[in-house]
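Q: Take this structure first; my questions come after.
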Amino acid sequence: MTELIKNGKRQDDRKPEEMRDLSIEAGVLKRADGSAYLEWGSNKVIAGVFGPQKCIPQHISNPYKAILKFRYNMAPFSVDDRKRPGPDRRSTEISKVSKEALESALILRHFPNTMIEIFVEVLQAAAGTRCASLTAASVALADAGVPMKDMVAACAAGKIGDEVVLDLAKEEDNAGKADVPIAIKPKSGDIVLLQMDGDLTPEEFDETLSLAKEGCMKVSEEQQKALQEKYEMEEGE
Amino acid sequence: MTELIKNGKRQDDRKPEEMRDLSIEAGVLKRADGSAYLEWGSNKVIAGVFGPQKCIPQHISNPYKAILKFRYNMAPFSVDDRKRPGPDRRSTEISKVSKEALESALILRHFPNTMIEIFVEVLQAAAGTRCASLTAASVALADAGVPMKDMVAACAAGKIGDEVVLDLAKEEDNAGKADVPIAIKPKSGDIVLLQMDGDLTPEEFDETLSLAKEGCMKVSEEQQKALQEKYEMEEGE
Amino acid sequence: MTELIKNGKRQDDRKPEEMRDLSIEAGVLKRADGSAYLEWGSNKVIAGVFGPQKCIPQHISNPYKAILKFRYNMAPFSVDDRKRPGPDRRSTEISKVSKEALESALILRHFPNTMIEIFVEVLQAAAGTRCASLTAASVALADAGVPMKDMVAACAAGKIGDEVVLDLAKEEDNAGKADVPIAIKPKSGDIVLLQMDGDLTPEEFDETLSLAKEGCMKVSEEQQKALQEKYEMEEGE
Amino acid sequence: MGNLSWNVKSKYIHQLAEKGERQDKRDMYKYREIDIEPNYIDNALGSARVKIGETDIVAGLSFDVGDPYSDSPDKGVIITNNELGPIASPEFESGPPREDSIELSRVVDRGIRESGALDLKELCIEEREKVWLIFLDIHILDYNGNLFDASELALTTALKHGHLPKYEDEKIHHKEEGEKIPLKKLPIENTFAKIGDKIMLDPCLEEEKSLDARITFSTTEDGLCAVQKGGSGSFTQEEVMKHLEKSFDHAEELRKQIP
Amino acid sequence: MGNLSWNVKSKYIHQLAEKGERQDKRDMYKYREIDIEPNYIDNALGSARVKIGETDIVAGLSFDVGDPYSDSPDKGVIITNNELGPIASPEFESGPPREDSIELSRVVDRGIRESGALDLKELCIEEREKVWLIFLDIHILDYNGNLFDASELALTTALKHGHLPKYEDEKIHHKEEGEKIPLKKLPIENTFAKIGDKIMLDPCLEEEKSLDARITFSTTEDGLCAVQKGGSGSFTQEEVMKHLEKSFDHAEELRKQIP
Amino acid sequence: MGNLSWNVKSKYIHQLAEKGERQDKRDMYKYREIDIEPNYIDNALGSARVKIGETDIVAGLSFDVGDPYSDSPDKGVIITNNELGPIASPEFESGPPREDSIELSRVVDRGIRESGALDLKELCIEEREKVWLIFLDIHILDYNGNLFDASELALTTALKHGHLPKYEDEKIHHKEEGEKIPLKKLPIENTFAKIGDKIMLDPCLEEEKSLDARITFSTTEDGLCAVQKGGSGSFTQEEVMKHLEKSFDHAEELRKQIP
């Protein structure tokens with residue numbers, strides 16, 4: 001196996017604290033109330049938001065606030081081995097933690113008895129899809145005009161070889177020592193999504209968290225830029 | 001492989017434009033509101049109709065008309081290799097096009113908020129089951145007293161060797177060049193079901209349609225006969 | 001194959017009319033309204049009762065009485081070969097006959113429009129789980145305070161070699177000639193559950209029924225004891 | 001069940017039963033008219049259509065070759081199934097009651113399996129490797145009660161007249177009749193309904209819906225092989241034994257009607 | 001469907017059609033703007049993104065090696081599927097209509113299969129033992145009508161530009177391009193909607209919801225290979241034949257747009 | 001959740017938390033009483049019953065022999081599952097929350113898998129051909145919160161005391177103990193709930209229902225191996241790091257209680 005990091009350079013020539021290229025476009029779908037398309041390294045992700053709208057089935061509605069639904073879904077051709085259509089255990093877990101991450105950023109009490117549905121389609125997957133998906137969903141929610149206290153920006157950091165690095169690529173994820181995807185609310189820096197697996201000392205974990213938070217701040221800038229562009233385009237029309 | 005057609009005779013001795021034997025009996029089930037049993041070549045099919053009745057689940061009801069449900073279902077022993085019970089993709093498609101074929105013949109606006117259910121069980125299958133099933137369903141609907149602008153009569157034509165022939169038998173369907181099942185409303189000759197697969201020139205396709213329509217007219221006569229016999233039996237009681 | 005019975009002794013040293021050890025404890029679960037834990041030979045079974053409570057879904061409710069639901073469920077590790085989680089055909093049938101057996105003992109007319117749910121988890125299975133499960137369920141229902149005309153006590157008898165014996169153990173069930181699980185209402189001796197498979201003459205069947213009923217009476221004593229102990233404990237508190 | 005007009009009807013059925021009478025004037029211990037047609041499905045190498053009164057079912061056999069179970073490496077396998085579909089009755093409009101359908105399959109399966117009527121060892125092609133799988137499928141067209149007896153009758157008839165397909169060079173020739181199916185006995189089921197404290201044979205659908213308890217005996221020429229009690233009521237041991245005896249007579253009566 | 005404001009809208013669409021007009025001012029026999037991007041998914045060895053107006057879909061190919069069907073031991077296998085998911089339209093909020101999705105898959109599959117466009121024999125690796133399985137997956141992102149034509153266009157494009165993965169030592173190397181996919185013709189579908197007694201090409205979603213009848217012709221450079229009629233209305237034979245002829249022209253028009 | 005009386009209760013729990021108190025008078029960083037019984041199921045070659053307060057679960061192991069995954073041909077396979085069934089709580093009356101059950105399985109699975117506690121290579125029987133499949137099944141009998149910690153404790157105990165079955169002549173002898181299960185470390189999970197801005201260990205069910213955020217650390221004797229944050233609230237980085245440190249102590253405390 002080739003080394004994942006050598007002379008401070010990673011296989012794709014990135015520095016340890018360097019993120020893969022990220023670009024976001026808001027308002028790409030016509031029928032959704034809000035949407036966003038995102039490319040992050042080789043990841044391609046599209047998010048669509050519907051709502052607030054009538055809650056179906058009605059018995060799950062909440063008289064105090066809107067309920068949130070989140071569906072993370074991979075296209076069959078998004079990975080080398082065909083992904084069987086439909087939810088599996090992994091996507092169900094990702095949908096759950098993503099939904100919870102967004103809940104604290106949204107002002108749901110304005111829309112009792114309604115639901116807001118978020119659908120994210122992963123068209124091309126190359127490590128980091130849950131961060132890509134959550135980041136796109138947050139832009140789509142803003143695009144839909146759902147009132148938010150703050151955005152949610154997500155990024156992972158991890159450990160390859162002996163080093164803590166930002167935003168693991170596919171081979172780094174497969175052969176690395178630990179992966180820590182997080183999401184924060186950029187204004188406060190509070191962590192709203194946090195998962196980890198691998199093998200880290202507490203010190204390394206702390207360092208990873210700090211680096212991932214920095215990544216989230218960069219992601220947040222891209223989110224703002226996408227929304228601004230959309231806004232300017234609409235202004236210009 | 002033996003030739004499918006030779007000296008103007010098909011393997012089962014039929015002429016090109018000759019249909020397999022067809023017999024229909026109306027009113028064969030006791031619990032259904034209307035029913036019909038049909039033998040067409042080696043096909044054996046039974047259709048039962050329930051309704052118009054309360055729509056379940058209620059949220060799919062239509063305040064302007066009755067909704068129609070159609071279930072085409074093959075018995076496990078109807079084919080050589082056991083057919084696994086339950087709907088599959090093929091039967092779902094057949095059910096859909098059959099339902100649509102019937103809709104324009106029925107007067108559904110008389111029964112808002114209700115549903116009419118049609119169940120067809122294929123007990124023995126030997127090519128042409130969708131036409132047999134739709135033909136039986138139409139008789140069962142008439143037997144149930146559902147008001148109809150016209151009957152729906154179905155028959156296929158196709159191409160074997162170089163010839164256009166009526167009502168393909170099993171081997172002809174398997175080894176033939178094209179199969180075109182259609183259904184018409186006999187009064188107007190309008191086509192309410194039309195599918196085709198295979199390989200035909202426009203001229204051949206036109207010829208096939210004409211022949212299939214002739215077949216439908218013969219089927220229509222058998223439908224009338226079956227309903228008349230049922231009516232006479234009831235009169236005679 | 002070793003003989004199942006030899007010199008009037010069975011492989012586990014029991015006499016033909018001897019039951020395996022049985023112990024029952026009532027009130028073992030905190031969140032259920034009533035519960036019972038039962039060990040019978042190597043069987044370990046736990047039953048929980050919820051209700052009478054609001055009927056869900058509402059459309060299955062009955063305006064004249066409470067409806068009963070019964071779920072017999074085996075833990076994956078309860079048998080040597082892992083039992084796949086979820087209901088299968090066997091457990092569905094057991095649940096049905098067990099529910100029916102309990103219905104005549106319960107006073108369901110006191111609680112119209114409600115439901116009573118009984119869940120039995122088989123943690124360790126060693127022949128006779130349906131009798132163990134029904135016996136535990138009956139105690140759990142009494143523990144929940146559901147009004148009953150009588151308890152339901154269950155026990156099997158069967159034939160091994162040429163003899164009619166009580167309460168077949170696992171090898172006896174596998175290699176025996178017949179198994180007859182029954183349940184009775186102890187006050188009247190009326191049979192509320194009865195299944196049989198194997199090969200018996202009418203005389204043997206009659207003898208088996210008599211022996212199984214004796215077994216049920218012993219089971220009934222253990223049920224009473226369990227409820228009394230629970231009652232005394234509560235008194236003592 | 002909670003339906004008012006049905007409650008009136010059910011009360012009437014109970015009152016009749018009290019007097020030893022039935023809606024269709026039948027004797028308490030008499031079957032409705034029975035019609036048995038073997039080889040009803042040309043495509044199948046074993047099939048039958050059976051009517052008991054207005055109850056109308058078709059049974060058909062299908063075949064495959066597969067692995068034996070590891071605990072019976074020298075025995076063929078039978079798989080019994082039924083489709084209690086919506087065509088058979090408006091009762092099933094919102095989906096058939098799964099547990100009833102499963103109980104039906106399992107009870108008729110036990111009649112055949114536990115009786116040893118079918119010699120499963122003759123269905124072994126190569127020990128540990130290849131055995132016949134026979135699918136016994138019951139298709140219900142019209143449902144007016146007593147599916148147990150009708151289904152067992154149809155399967156027994158289909159098996160009695162049935163053939164295995166030819167099997168050559170590891171291929172099944174579904175169109176060609178091979179050996180006869182090794183059916184050694186003719187298992188029959190007889191079902192009794194208890195309404196109030198009266199017991200009657202061959203319940204129709206309305207009697208089934210009114211019954212307090214139900215008992216089905218599965219017997220062969222040689223003896224009892226399976227029993228199934230159903231319903232929320234109870235039987236005394238005496239009632240069970242008395243009707244087991246009747247069952248042997250009624251089974252013989254049905255057995256004679258199989259062509 | 002039973003919705004009041006929708007009924008008003010639908011009536012308006014009918015009135016326009018009566019005059020030979022459409023909401024978006026299009027000619028009755030004109031496609032909306034079409035955009036075709038081959039190789040849209042880097043991960044896939046064959047893919048395309050196709051937009052017809054606001055309808056936006058991605059098709060991608062996946063590969064496996066497996067057993068051939070016993071009745072075609074020397075032919076590869078294609079499996080066509082689509083996800084008509086909730087992201088594509090609020091119409092599908094309470095779950096997509098399963099029968100529409102199945103019809104879509106089966107109709108676009110027939111376009112490719114029945115035309116013989118794909119030489120399945122070249123997808124055989126070892127007769128009776130090993131053949132290529134190609135999964136043709138359609139993913140719908142934005143749904144504004146006419147999925148048949150868009151899906152077929154995307155699959156044909158993906159296949160035209162697609163490669164099999166390398167297969168060495170019984171292993172599939174998904175990352176490495178092997179031989180070109182043996183696509184011999186370019187099957188195209190053209191869909192017409194009949195609203196009242198007027199017929200128009202390429203219906204948008206609102207036209208689809210208003211239509212009385214629908215007909216799709218699947219053709220290649222060589223001729224007609226499949227037809228599917230839908231909707232509760234009817235066509236005369238003359239209407240069918242007239243639009244089949246138009247279909248050949250429109251198919252050629254689309255075929256030229258595939259890069 | 002939208003239930004009025006529950007809202008009052010939840011507010012009370014928040015008020016208590018504000019003062020650093022809990023309903024059951026527990027210290028904020030204290031487990032409820034823990035009871036661990038290894039080998040609870042005689043039939044299973046590895047099992048344990050664990051109670052944390054009123055939460056009561058049984059874990060049991062089952063075994064099979066099968067193919068390894070193609071990307072780890074020399075490693076055994078573990079499959080973790082749980083039944084969060086209706087017996088455990090009236091909360092689940094209308095069916096258990098599928099996503100909670102899946103999260104539970106995946107989080108306890110990661111504790112064991114990512115820690116390398118189980119030496120999967122020792123579960124290889126024959127490279128590329130045959131490896132042990134171990135099913136780790138968790139059965140929840142009474143649910144009063146904190147299933148993560150209870151489940152991990154039960155699995156670790158079951159594995160520590162567990163044996164593989166004997167495997168001879170391609171047959172698994174489920175009744176006979178083979179080698180010990182190669183468990184090299186004892187993974188433990190510790191779960192904290194954040195209510196308002198107060199954080200507490202081992203939440204009971206009512207605390208779980210009231211919590212704003214939840215964090216679970218999975219550690220072994222050697223270090224951190226997995227983390228899972230849940231709930232709609234947030235943690236600061238400082239909170240995360242502070243409770244990770246506490247977690248190492250509490251893990252050691254639980255580890256000592258495993259017999």
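Residue numbers start at 1 in each chain; chains themselves are named A, B, ... in the order of the structure tokens; ligands are numbered from 1 in the order shown.
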Find the spatial neighbours of D:Thr80, counting only C-alpha atoms, within a cut-off of 12 Å - ignore same-chain residues fewer than 4 positions away - and output them as a ChimeraX atom specification.

A: /B:76 /C:89 /D:59-62,101-113,133-139,151-152,155

Q: Hey, list the chain C side of the contact with chain D: 9 Å cut-off, only C-alpha atoms, answer as a PDB file with C-alpha atoms, in the first residue's frame.

A:
```
ATOM      1  CA  SER C  61     -62.004  -1.564  17.453  1.00  0.00           C
ATOM      2  CA  ASN C  62     -65.216  -3.274  18.506  1.00  0.00           C
ATOM      3  CA  PRO C  63     -68.052  -1.303  20.130  1.00  0.00           C
ATOM      4  CA  TYR C  64     -69.136  -4.376  22.121  1.00  0.00           C
ATOM      5  CA  LYS C  65     -65.889  -5.534  23.643  1.00  0.00           C
ATOM      6  CA  ARG C  89     -45.847 -18.729   9.633  1.00  0.00           C
ATOM      7  CA  ARG C  90     -45.399 -20.909  12.700  1.00  0.00           C
ATOM      8  CA  THR C  92     -48.427 -16.465  13.408  1.00  0.00           C
ATOM      9  CA  GLU C  93     -50.432 -19.663  13.848  1.00  0.00           C
ATOM     10  CA  SER C  95     -50.356 -16.407  18.151  1.00  0.00           C
ATOM     11  CA  LYS C  96     -53.779 -17.013  16.592  1.00  0.00           C
ATOM     12  CA  VAL C  97     -54.707 -20.161  18.504  1.00  0.00           C
ATOM     13  CA  LYS C  99     -55.416 -15.565  21.334  1.00  0.00           C
ATOM     14  CA  GLU C 100     -58.526 -17.630  20.715  1.00  0.00           C
ATOM     15  CA  ALA C 101     -57.766 -19.783  23.745  1.00  0.00           C
ATOM     16  CA  LEU C 102     -57.655 -16.733  26.010  1.00  0.00           C
ATOM     17  CA  GLU C 103     -60.740 -15.027  24.610  1.00  0.00           C
ATOM     18  CA  SER C 104     -63.240 -17.247  26.333  1.00  0.00           C
ATOM     19  CA  ALA C 105     -61.562 -16.785  29.718  1.00  0.00           C
ATOM     20  CA  ALA C 178     -47.592 -37.641  18.437  1.00  0.00           C
ATOM     21  CA  VAL C 180     -51.045 -32.943  21.679  1.00  0.00           C
ATOM     22  CA  ILE C 184     -58.105 -25.689  29.535  1.00  0.00           C
ATOM     23  CA  LYS C 185     -60.064 -23.458  31.826  1.00  0.00           C
ATOM     24  CA  SER C 188     -64.684 -26.350  34.147  1.00  0.00           C
ATOM     25  CA  GLY C 189     -62.037 -28.474  32.481  1.00  0.00           C
ATOM     26  CA  ASP C 190     -63.219 -27.144  29.117  1.00  0.00           C
ATOM     27  CA  ILE C 191     -60.663 -27.296  26.335  1.00  0.00           C
ATOM     28  CA  VAL C 192     -59.830 -23.910  24.808  1.00  0.00           C
ATOM     29  CA  LEU C 193     -56.736 -24.877  22.811  1.00  0.00           C
ATOM     30  CA  LEU C 194     -56.238 -28.192  21.093  1.00  0.00           C
ATOM     31  CA  GLN C 195     -53.826 -29.147  18.380  1.00  0.00           C
ATOM     32  CA  MET C 196     -52.462 -32.521  17.482  1.00  0.00           C
ATOM     33  CA  ASP C 197     -50.161 -33.996  14.961  1.00  0.00           C
ATOM     34  CA  GLY C 198     -48.778 -37.464  14.570  1.00  0.00           C
ATOM     35  CA  ASP C 199     -50.479 -40.799  14.597  1.00  0.00           C
ATOM     36  CA  LEU C 200     -52.906 -41.930  17.302  1.00  0.00           C
ATOM     37  CA  THR C 201     -55.825 -44.292  17.629  1.00  0.00           C
ATOM     38  CA  PRO C 202     -58.990 -42.757  19.056  1.00  0.00           C
ATOM     39  CA  PHE C 205     -56.055 -39.774  21.723  1.00  0.00           C
ATOM     40  CA  ASP C 206     -58.628 -39.962  24.530  1.00  0.00           C
ATOM     41  CA  LEU C 209     -56.328 -35.731  26.361  1.00  0.00           C
ATOM     42  CA  SER C 210     -56.977 -36.996  29.875  1.00  0.00           C
TER      43      SER C 210
END
```

Q: Using DSSP secondary structure from the backbone, list all helix (DSSP H, G or I) positions within stretch 113-166 of chain B, as an MDAnalysis selection string.

A: chainID B and resid 129:143

Q: Could those residues be written to a file, using N, CA and C atoms, as a compact mmCIF listing (two decimals), in the first residue's frame?

A:
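File written: out29.txt
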```txt
# COMPACT_ATOMS: atom_id res chain seq x y z
N THR B 129 -53.09 -13.77 -22.38
CA THR B 129 -53.87 -13.68 -21.14
C THR B 129 -54.36 -12.27 -20.88
N ARG B 130 -53.63 -11.23 -21.31
CA ARG B 130 -54.11 -9.88 -21.02
C ARG B 130 -55.38 -9.58 -21.80
N CYS B 131 -55.46 -10.08 -23.05
CA CYS B 131 -56.68 -9.89 -23.82
C CYS B 131 -57.81 -10.72 -23.23
N ALA B 132 -57.51 -11.95 -22.83
CA ALA B 132 -58.52 -12.81 -22.23
C ALA B 132 -59.05 -12.19 -20.94
N SER B 133 -58.12 -11.65 -20.16
CA SER B 133 -58.46 -11.09 -18.86
C SER B 133 -59.33 -9.84 -19.01
N LEU B 134 -58.98 -8.98 -19.95
CA LEU B 134 -59.74 -7.75 -20.16
C LEU B 134 -61.13 -8.06 -20.72
N THR B 135 -61.17 -9.02 -21.62
CA THR B 135 -62.45 -9.44 -22.20
C THR B 135 -63.38 -10.00 -21.12
N ALA B 136 -62.85 -10.82 -20.26
CA ALA B 136 -63.65 -11.39 -19.17
C ALA B 136 -64.10 -10.30 -18.20
N ALA B 137 -63.19 -9.37 -17.91
CA ALA B 137 -63.52 -8.28 -16.98
C ALA B 137 -64.69 -7.46 -17.50
N SER B 138 -64.71 -7.23 -18.79
CA SER B 138 -65.76 -6.43 -19.39
C SER B 138 -67.12 -7.11 -19.22
N VAL B 139 -67.16 -8.41 -19.43
CA VAL B 139 -68.40 -9.17 -19.24
C VAL B 139 -68.81 -9.16 -17.76
N ALA B 140 -67.83 -9.29 -16.88
CA ALA B 140 -68.13 -9.29 -15.44
C ALA B 140 -68.71 -7.94 -15.01
N LEU B 141 -68.21 -6.87 -15.59
CA LEU B 141 -68.73 -5.53 -15.26
C LEU B 141 -70.18 -5.42 -15.73
N ALA B 142 -70.45 -5.89 -16.94
CA ALA B 142 -71.83 -5.86 -17.44
C ALA B 142 -72.71 -6.73 -16.55
N ASP B 143 -72.20 -7.89 -16.16
CA ASP B 143 -72.95 -8.81 -15.30
C ASP B 143 -73.26 -8.16 -13.95
```

Q: Provide the atom CA of D:Glu179 to atom CA of D:Glu127 distance in Å, to one decimal place.

A: 18.4 Å

Q: Rounded to one decimal in Å, what is the spacing between atom CA of A:Cys55 and atom CA of F:Lys194?

A: 29.0 Å

Q: Taking 2 positions as the minimum chain separation for residues in the same chain, which residues sit within 9 Å of C:Ala156 when counting only C-alpha atoms? Answer as number ranges by chain.

A: C: 128, 131, 154, 158, 165-168, 179-183, 208-209, 211-213, 215-216

Q: As a VMD selection string, list the residues of stretch 49-257 of chain F assigned to strand (DSSP E) by DSSP on the backbone atoms of this structure.

A: chain F and resid 49 to 52 55 to 66 77 to 83 124 to 126 130 to 142 163 to 168 171 to 180 188 to 195 198 to 201 213 to 220 223 to 230

Q: Just the number, please: distance in Å from atom CA of A:Glu235 to atom CA of A:Val28, one decimal.

A: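 So the answer is 16.5 Å.
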
Q: Residues within 6 Å of A:Met115, please, as a VMD selection string. Count only C-alpha atoms; anything in the same chain fewer than 3 positions from it doesn't count.

A: chain A and resid 52 to 53 55 66 to 68

Q: Tell me which protein, DNA and RNA residues are within 7 Å of C:Glu121, counting only C-alpha atoms, leaving out same-chain ones fewer than 5 positions away, and put them as a PyMOL selection string.

A: chain C and resi 45-47+72-75
